[in-house]
Amino acid sequence: MEWQGQGMVIASRPHGEHAVILDVLTPERGRYAGLLRGGQSRRMAPLLQPGNILSLAWRARLEDQLGTFTAELQRDRAGRLMADRRMLAGLAAVSGLLAHALPERLHLPGIYERSSELLDLMPLTPAWTLAYLRWELALLEALGYGLELDRCAVRGTNEDLCFVSPRTGRAVSRQAAGEWADRLLPLPDCLKGQGPAPDEEIALALVTTGHFLQRHVPPQRSGQAIPASRARLVELLRRGMPGRAAPA
Amino acid sequence: MSAKPPASIDALIELLAKLPGLGPRSARRAVLHLVARRSQLLHPLAEAMTEVAATARECLNCGNIATGDLCPICLDDRRATGQICVVEDVADLWAMERGGAFGGRYHVLGGTLSALDAVGPEDLGLPRLADRIETEQVTEVILALGATVDGQTTAHYISDMLDGRTRVTSLAKGVPVGGELDYLDDGTIAAALAARTRL
């Protein structure tokens, strides 16, 4: 069994003295893992940073074996994103969530493209944080837990939608919420897809998406909760911290 | 019939084979070499290992390897320069010391923050680093962490943690000595360009 194609690094972990288990997200085959011999070498290790695009060849004797990769760098993306603390936090959150949430070898249409577009957008505009929020919504939808935020779950109207039911993921209007409002999740305008928003509002929206990621998405590795890298991004946005280069 | 080595030698081979860089074959060669040079190598090695096993421990102050409660660097008053260099592990500390360009003290984290491996701030020696800022009147913390996503995430975390308490700097990233631009990756060239200096 073998295939060739490109893949975006989402994680790598040492295996023995020289090799790594490389986790990549591919456009056609979803998340794929394999052994990369020499992955800890001086030449290879810098190429295996999350976000980088590799040219890959995967080979195994049987389809369900782990298999081995050979890899070559196609595009370096991590180096540029690492220079800014917010972009770095974004990169770590994206790669962490992909590794956390995506089952292996399950192709979810659009996830590779959206993830790649988001990482490409980061150096171009500070508004990438809003794109990150939409990426999380798309990830939830692709995993089968899309939120229904266009009409009230109780009254069926689309006016004054302010909350999300933590159980069903459906919008609830202010009138329908009544005394239950304090038990519901916030539904800021940016979560409804209504235009640009300050980072604090995006952080509020991420509380809502975070609830559903936590509730519905089973961790693919070691039973961890949502990766801490996502919490760090939310914290940076909540504090309104501007992007800043590494201390110098 | 196959003649196996005596059990004690077999056990030694098995243990040596677990060391980095050694496998069963090289471990067998090493053991044969040691046995053949018993007085020059085997006895001194056994004594040295016994002593290290009895005395080696983590420096209570910085996390370096020491043979007492404090390592020689922390005991040396001349190194109380007000600068602390934060490194990921002891191998990095030794690399800095080989360079001989740094005259201050160190702080060894023992790893980096890693979301996938669930390594959080409490797993590293960060509270102890914060304490040292006050007790040692530190004027500058130099972050000498890897240019990896995890290394830089840790650097930013420490920078935020110490914000306003002391000056925090990090090692520059760019063209290595003897390096040629043609062989550098895009990220390193971008970082080197951003950190360019006036001649």
# chains A, B, ... in the order shown; residues from 1 in each chain; ligands from 1
>>> closest_atom_pairs(of="chain A", to="chain B", cutoff="10 Å", atoms="only C-alpha atoms", output="tab-separated table")
residue	atom	partner	partner_atom	distance
A:Ala11	CA	B:Leu116	CA	8.0
A:Ser12	CA	B:Leu116	CA	9.5
A:Arg13	CA	B:Asp117	CA	9.0
A:Gly16	CA	B:Pro20	CA	9.0
A:Glu17	CA	B:Pro20	CA	6.8
A:His18	CA	B:Gly21	CA	9.5
A:Ala45	CA	B:Thr148	CA	9.4
A:Pro46	CA	B:Thr148	CA	7.6
A:Leu47	CA	B:Asp185	CA	8.5
A:Leu48	CA	B:Thr148	CA	9.4
A:Gln49	CA	B:Thr148	CA	6.7
A:Pro50	CA	B:Val149	CA	7.3
A:Gly51	CA	B:Val149	CA	9.7
A:Leu73	CA	B:Asp185	CA	9.3
A:Arg75	CA	B:Asp186	CA	8.3
A:Asp76	CA	B:Asp186	CA	6.1
A:Arg77	CA	B:Gly187	CA	7.1
A:Ala78	CA	B:Gly187	CA	7.0
A:Gly79	CA	B:Gly187	CA	3.8
A:Arg80	CA	B:Gly187	CA	5.4
A:Leu81	CA	B:Gly187	CA	8.7
A:Met82	CA	B:Val149	CA	6.6
A:Ala83	CA	B:Ala191	CA	7.2
A:Asp84	CA	B:His156	CA	9.4
A:Arg85	CA	B:His156	CA	6.6
A:Arg86	CA	B:His156	CA	9.7
A:Leu88	CA	B:Thr153	CA	7.0
A:Ala89	CA	B:Thr153	CA	7.2
A:Leu91	CA	B:Val149	CA	8.3
A:Ala92	CA	B:Val149	CA	7.0
A:Ala93	CA	B:Ala115	CA	8.7
A:Ser95	CA	B:Leu116	CA	9.4
A:Gly96	CA	B:Leu116	CA	6.5
A:Leu97	CA	B:Leu116	CA	9.3
A:Ala99	CA	B:Leu116	CA	7.7
A:His100	CA	B:Leu116	CA	7.8
A:Arg221	CA	B:Leu116	CA	8.0
A:Ser222	CA	B:Asp117	CA	8.6
A:Gln224	CA	B:Ala118	CA	7.4
A:Ala225	CA	B:Ala118	CA	9.3
A:Ile226	CA	B:Ala115	CA	8.9
A:Pro227	CA	B:Ala115	CA	5.2
A:Ala228	CA	B:Ala115	CA	5.3
A:Ser229	CA	B:Ala115	CA	5.6
A:Arg230	CA	B:Ala115	CA	8.7
A:Ala231	CA	B:Ala115	CA	9.9
A:Arg232	CA	B:Tyr157	CA	9.0
A:Arg244	CA	B:His156	CA	9.4
A:Ala245	CA	B:His156	CA	9.2
A:Ala246	CA	B:His156	CA	6.8
A:Pro247	CA	B:Thr169	CA	4.7
A:Ala248	CA	B:Thr169	CA	4.6
>>> select_by_dssp(residues="range 56-239 of chain A", states="strand (DSSP E)", output="ChimeraX atom specification")
/A:56-59,68-75,161-164,171-173,185-186
>>> closest_residue(among="B:Arg57, B:Asp10, B:Gly146, B:Thr166", to="Ile84 in chain B", atoms="only C-alpha atoms")
B:Thr166
>>> select_by_dssp(residues="range 46-94 of chain A", states="helix (DSSP H, G or I)", output="PDB file with C-alpha atoms, in the first residue's frame")
ATOM      1  CA  PRO A  46      12.984  21.954  11.831  1.00  0.00           C
ATOM      2  CA  LEU A  47      10.781  20.932   8.914  1.00  0.00           C
ATOM      3  CA  LEU A  48       8.305  19.116  11.133  1.00  0.00           C
ATOM      4  CA  ALA A  78       5.624  27.930  10.995  1.00  0.00           C
ATOM      5  CA  GLY A  79       8.704  30.168  10.931  1.00  0.00           C
ATOM      6  CA  ARG A  80       6.731  33.236   9.975  1.00  0.00           C
ATOM      7  CA  LEU A  81       3.858  32.565  12.386  1.00  0.00           C
ATOM      8  CA  ARG A  85       2.654  35.783  19.896  1.00  0.00           C
ATOM      9  CA  ARG A  86      -0.952  35.870  18.715  1.00  0.00           C
ATOM     10  CA  MET A  87      -0.227  34.093  15.462  1.00  0.00           C
ATOM     11  CA  LEU A  88       1.851  31.553  17.363  1.00  0.00           C
ATOM     12  CA  ALA A  89      -1.045  30.987  19.759  1.00  0.00           C
ATOM     13  CA  GLY A  90      -3.366  30.644  16.756  1.00  0.00           C
ATOM     14  CA  LEU A  91      -1.088  28.131  15.064  1.00  0.00           C
ATOM     15  CA  ALA A  92      -0.770  26.114  18.277  1.00  0.00           C
ATOM     16  CA  ALA A  93      -4.553  26.186  18.803  1.00  0.00           C
ATOM     17  CA  VAL A  94      -5.289  25.064  15.223  1.00  0.00           C
TER      18      VAL A  94
END
>>> residues_around(residues="Gly39 in chain A", least_positions_apart="4", cutoff="6 Å", atoms="only C-alpha atoms", output="list in words")
Ala19, Val20, Met44 and Ala45 of chain A
>>> residues_around(residues="range 60-76 of chain B", least_positions_apart="3", cutoff="8 Å", atoms="only C-alpha atoms", output="ChimeraX atom specification")
/B:52,55-57,79-80,90,93,105-110,128
>>> write_last_selection(atoms="N, CA, C and O atoms", output="mmCIF file, in the first residue's frame")
data_model
loop_
_atom_site.group_PDB
_atom_site.id
_atom_site.type_symbol
_atom_site.label_atom_id
_atom_site.label_comp_id
_atom_site.auth_asym_id
_atom_site.auth_seq_id
_atom_site.Cartn_x
_atom_site.Cartn_y
_atom_site.Cartn_z
ATOM 1 N N VAL B 52 28.540 8.751 41.170
ATOM 2 C CA VAL B 52 27.506 9.604 40.566
ATOM 3 C C VAL B 52 26.124 9.172 41.056
ATOM 4 O O VAL B 52 25.272 10.004 41.382
ATOM 5 N N THR B 55 25.669 10.578 44.506
ATOM 6 C CA THR B 55 25.714 12.015 44.778
ATOM 7 C C THR B 55 24.912 12.894 43.809
ATOM 8 O O THR B 55 24.533 14.002 44.171
ATOM 9 N N ALA B 56 24.690 12.425 42.576
ATOM 10 C CA ALA B 56 24.067 13.313 41.584
ATOM 11 C C ALA B 56 22.617 13.603 41.947
ATOM 12 O O ALA B 56 21.861 12.714 42.312
ATOM 13 N N ARG B 57 22.262 14.862 41.861
ATOM 14 C CA ARG B 57 20.877 15.266 42.110
ATOM 15 C C ARG B 57 20.618 16.590 41.416
ATOM 16 O O ARG B 57 21.533 17.197 40.871
ATOM 17 N N ARG B 79 29.006 34.708 39.556
ATOM 18 C CA ARG B 79 27.972 34.541 38.526
ATOM 19 C C ARG B 79 26.653 35.181 38.939
ATOM 20 O O ARG B 79 25.653 35.070 38.217
ATOM 21 N N ALA B 80 26.651 35.858 40.075
ATOM 22 C CA ALA B 80 25.447 36.584 40.503
ATOM 23 C C ALA B 80 25.416 37.941 39.813
ATOM 24 O O ALA B 80 25.582 38.988 40.422
ATOM 25 N N VAL B 90 19.279 20.310 30.728
ATOM 26 C CA VAL B 90 20.679 20.437 31.148
ATOM 27 C C VAL B 90 21.624 20.401 29.937
ATOM 28 O O VAL B 90 22.656 21.080 29.931
ATOM 29 N N LEU B 93 22.017 23.817 28.817
ATOM 30 C CA LEU B 93 22.893 24.556 29.744
ATOM 31 C C LEU B 93 24.361 24.272 29.423
ATOM 32 O O LEU B 93 25.190 25.192 29.339
ATOM 33 N N ARG B 105 23.701 33.210 35.721
ATOM 34 C CA ARG B 105 23.197 31.914 36.196
ATOM 35 C C ARG B 105 22.100 31.396 35.268
ATOM 36 O O ARG B 105 21.658 32.092 34.365
ATOM 37 N N TYR B 106 21.670 30.190 35.550
ATOM 38 C CA TYR B 106 20.710 29.526 34.660
ATOM 39 C C TYR B 106 19.441 29.152 35.415
ATOM 40 O O TYR B 106 19.408 29.134 36.644
ATOM 41 N N HIS B 107 18.438 28.813 34.608
ATOM 42 C CA HIS B 107 17.256 28.160 35.167
ATOM 43 C C HIS B 107 16.829 27.085 34.179
ATOM 44 O O HIS B 107 16.520 27.386 33.019
ATOM 45 N N VAL B 108 16.825 25.838 34.625
ATOM 46 C CA VAL B 108 16.506 24.707 33.743
ATOM 47 C C VAL B 108 15.029 24.334 33.921
ATOM 48 O O VAL B 108 14.602 23.997 35.027
ATOM 49 N N LEU B 109 14.277 24.422 32.836
ATOM 50 C CA LEU B 109 12.830 24.156 32.920
ATOM 51 C C LEU B 109 12.524 22.661 32.999
ATOM 52 O O LEU B 109 11.551 22.250 33.601
ATOM 53 N N GLY B 110 13.321 21.865 32.305
ATOM 54 C CA GLY B 110 13.038 20.435 32.251
ATOM 55 C C GLY B 110 12.027 20.083 31.172
ATOM 56 O O GLY B 110 11.410 19.022 31.213
ATOM 57 N N ARG B 128 9.213 28.504 40.603
ATOM 58 C CA ARG B 128 10.537 28.697 41.212
ATOM 59 C C ARG B 128 11.294 29.817 40.498
ATOM 60 O O ARG B 128 11.999 30.610 41.128
#
>>> atom_distance(atom1="CA of Glu88 in chain B", atom2="CA of Thr50 in chain B")
27.4 Å
>>> closest_residue(among="B:Thr112, B:Asp160, B:Glu140, B:Ala95", to="Gly82 in chain B", atoms="only C-alpha atoms")
B:Glu140
>>> atom_distance(atom1="CA of Gln6 in chain A", atom2="CA of Ser116 in chain A")
12.0 Å
>>> residues_around(residues="range 62-64 of chain A", least_positions_apart="6", cutoff="12 Å", atoms="only C-alpha atoms", output="list in words")
Met1, Glu2, Trp3, Tyr32, Ala33, Gly34, Glu104 and Arg105 of chain A
>>> decode(residues="range 71-220 of chain A", atoms="C-alpha atoms", output="CSV table (one decimal), in the first residue's frame")
chain,number,residue,atom,x,y,z
A,71,ALA,CA,9.0,13.7,3.6
A,72,GLU,CA,10.3,16.8,2.0
A,73,LEU,CA,9.5,20.4,2.8
A,74,GLN,CA,7.1,22.0,0.3
A,75,ARG,CA,6.3,25.2,2.2
A,76,ASP,CA,7.5,26.7,5.5
A,77,ARG,CA,4.7,28.4,7.3
A,78,ALA,CA,5.6,27.9,11.0
A,79,GLY,CA,8.7,30.2,10.9
A,80,ARG,CA,6.7,33.2,10.0
A,81,LEU,CA,3.9,32.6,12.4
A,82,MET,CA,6.2,32.0,15.3
A,83,ALA,CA,7.4,35.6,15.2
A,84,ASP,CA,4.2,36.9,16.6
A,85,ARG,CA,2.7,35.8,19.9
A,86,ARG,CA,-1.0,35.9,18.7
A,87,MET,CA,-0.2,34.1,15.5
A,88,LEU,CA,1.9,31.6,17.4
A,89,ALA,CA,-1.0,31.0,19.8
A,90,GLY,CA,-3.4,30.6,16.8
A,91,LEU,CA,-1.1,28.1,15.1
A,92,ALA,CA,-0.8,26.1,18.3
A,93,ALA,CA,-4.6,26.2,18.8
A,94,VAL,CA,-5.3,25.1,15.2
A,95,SER,CA,-2.7,22.2,15.2
A,96,GLY,CA,-3.7,21.2,18.8
A,97,LEU,CA,-7.4,21.1,18.0
A,98,LEU,CA,-6.8,19.1,14.8
A,99,ALA,CA,-4.7,16.6,16.6
A,100,HIS,CA,-7.2,16.5,19.4
A,101,ALA,CA,-10.4,16.2,17.4
A,102,LEU,CA,-9.8,14.6,14.1
A,103,PRO,CA,-10.1,10.8,13.9
A,104,GLU,CA,-7.4,9.2,11.8
A,105,ARG,CA,-7.9,8.4,8.1
A,106,LEU,CA,-11.3,10.0,8.0
A,107,HIS,CA,-11.7,12.5,5.2
A,108,LEU,CA,-13.8,15.5,6.3
A,109,PRO,CA,-14.3,17.6,3.2
A,110,GLY,CA,-13.1,21.2,3.5
A,111,ILE,CA,-11.2,20.9,6.8
A,112,TYR,CA,-7.8,20.8,5.1
A,113,GLU,CA,-8.6,23.7,2.9
A,114,ARG,CA,-10.1,25.8,5.7
A,115,SER,CA,-7.2,25.1,8.0
A,116,SER,CA,-4.7,26.0,5.4
A,117,GLU,CA,-6.5,29.2,4.4
A,118,LEU,CA,-6.7,30.2,8.0
A,119,LEU,CA,-3.0,29.8,8.6
A,120,ASP,CA,-2.2,31.7,5.4
A,121,LEU,CA,-4.5,34.5,6.5
A,122,MET,CA,-2.7,35.0,9.8
A,123,PRO,CA,0.2,37.1,8.6
A,124,LEU,CA,-2.0,39.1,6.2
A,125,THR,CA,-4.7,40.6,8.6
A,126,PRO,CA,-5.3,40.9,12.3
A,127,ALA,CA,-8.9,39.9,11.5
A,128,TRP,CA,-7.8,36.3,11.3
A,129,THR,CA,-9.2,35.9,14.8
A,130,LEU,CA,-12.7,36.1,13.4
A,131,ALA,CA,-11.7,33.5,10.7
A,132,TYR,CA,-10.4,31.3,13.5
A,133,LEU,CA,-13.9,31.5,15.2
A,134,ARG,CA,-15.5,30.5,11.9
A,135,TRP,CA,-13.0,27.7,11.5
A,136,GLU,CA,-14.0,26.2,14.8
A,137,LEU,CA,-17.7,26.4,13.8
A,138,ALA,CA,-16.7,24.6,10.5
A,139,LEU,CA,-14.8,22.0,12.5
A,140,LEU,CA,-17.8,21.3,14.7
A,141,GLU,CA,-20.0,21.0,11.7
A,142,ALA,CA,-17.6,18.7,9.9
A,143,LEU,CA,-17.6,16.5,13.0
A,144,GLY,CA,-21.3,16.4,13.0
A,145,TYR,CA,-22.0,18.8,15.8
A,146,GLY,CA,-22.9,22.0,13.8
A,147,LEU,CA,-24.6,24.8,15.8
A,148,GLU,CA,-28.0,26.1,14.6
A,149,LEU,CA,-27.8,29.8,15.2
A,150,ASP,CA,-30.1,31.3,12.7
A,151,ARG,CA,-33.4,30.9,14.5
A,152,CYS,CA,-34.8,30.5,18.0
A,153,ALA,CA,-35.2,26.9,19.1
A,154,VAL,CA,-38.2,27.9,21.2
A,155,ARG,CA,-40.1,30.4,19.1
A,156,GLY,CA,-38.7,29.8,15.7
A,157,THR,CA,-38.1,33.5,15.1
A,158,ASN,CA,-34.7,35.0,14.1
A,159,GLU,CA,-35.1,38.2,16.2
A,160,ASP,CA,-33.0,39.1,19.2
A,161,LEU,CA,-31.1,35.9,19.3
A,162,CYS,CA,-28.8,36.2,22.3
A,163,PHE,CA,-28.1,32.8,23.7
A,164,VAL,CA,-27.2,29.2,22.7
A,165,SER,CA,-28.6,26.2,24.4
A,166,PRO,CA,-25.6,24.3,25.9
A,167,ARG,CA,-27.4,21.0,25.3
A,168,THR,CA,-28.8,21.3,21.8
A,169,GLY,CA,-26.4,23.9,20.3
A,170,ARG,CA,-29.4,25.9,19.0
A,171,ALA,CA,-30.0,29.6,19.3
A,172,VAL,CA,-32.4,31.0,21.9
A,173,SER,CA,-33.9,34.5,21.8
A,174,ARG,CA,-33.8,36.9,24.8
A,175,GLN,CA,-37.6,36.6,25.3
A,176,ALA,CA,-37.6,32.8,25.1
A,177,ALA,CA,-34.6,32.6,27.5
A,178,GLY,CA,-36.5,34.3,30.3
A,179,GLU,CA,-35.2,33.2,33.7
A,180,TRP,CA,-33.0,30.5,32.1
A,181,ALA,CA,-30.7,33.1,30.6
A,182,ASP,CA,-27.9,32.6,33.2
A,183,ARG,CA,-27.8,28.9,32.3
A,184,LEU,CA,-27.4,29.5,28.6
A,185,LEU,CA,-24.2,30.2,26.6
A,186,PRO,CA,-23.6,33.6,25.0
A,187,LEU,CA,-24.4,34.3,21.4
A,188,PRO,CA,-22.4,37.4,20.4
A,189,ASP,CA,-23.0,38.9,16.9
A,190,CYS,CA,-19.7,37.6,15.5
A,191,LEU,CA,-21.0,34.0,16.2
A,192,LYS,CA,-24.0,34.8,14.0
A,193,GLY,CA,-21.6,35.8,11.2
A,194,GLN,CA,-22.5,39.5,11.6
A,195,GLY,CA,-19.4,41.4,10.6
A,196,PRO,CA,-16.1,42.2,12.3
A,197,ALA,CA,-15.8,42.1,16.0
A,198,PRO,CA,-13.3,43.1,18.7
A,199,ASP,CA,-11.2,40.3,20.1
A,200,GLU,CA,-13.0,40.4,23.5
A,201,GLU,CA,-16.3,39.5,21.7
A,202,ILE,CA,-14.5,36.7,19.7
A,203,ALA,CA,-13.2,35.4,23.0
A,204,LEU,CA,-16.8,35.3,24.3
A,205,ALA,CA,-17.9,33.4,21.2
A,206,LEU,CA,-15.1,30.9,21.7
A,207,VAL,CA,-16.5,30.1,25.1
A,208,THR,CA,-19.6,28.9,23.4
A,209,THR,CA,-17.7,26.9,20.7
A,210,GLY,CA,-15.4,25.6,23.4
A,211,HIS,CA,-18.3,24.2,25.3
A,212,PHE,CA,-19.4,22.1,22.4
A,213,LEU,CA,-15.9,21.0,21.5
A,214,GLN,CA,-15.5,19.8,25.1
A,215,ARG,CA,-18.9,18.2,25.2
A,216,HIS,CA,-19.0,16.4,21.9
A,217,VAL,CA,-15.5,15.9,20.5
A,218,PRO,CA,-13.8,12.9,22.0
A,219,PRO,CA,-10.1,13.4,22.4
A,220,GLN,CA,-8.1,11.2,19.9
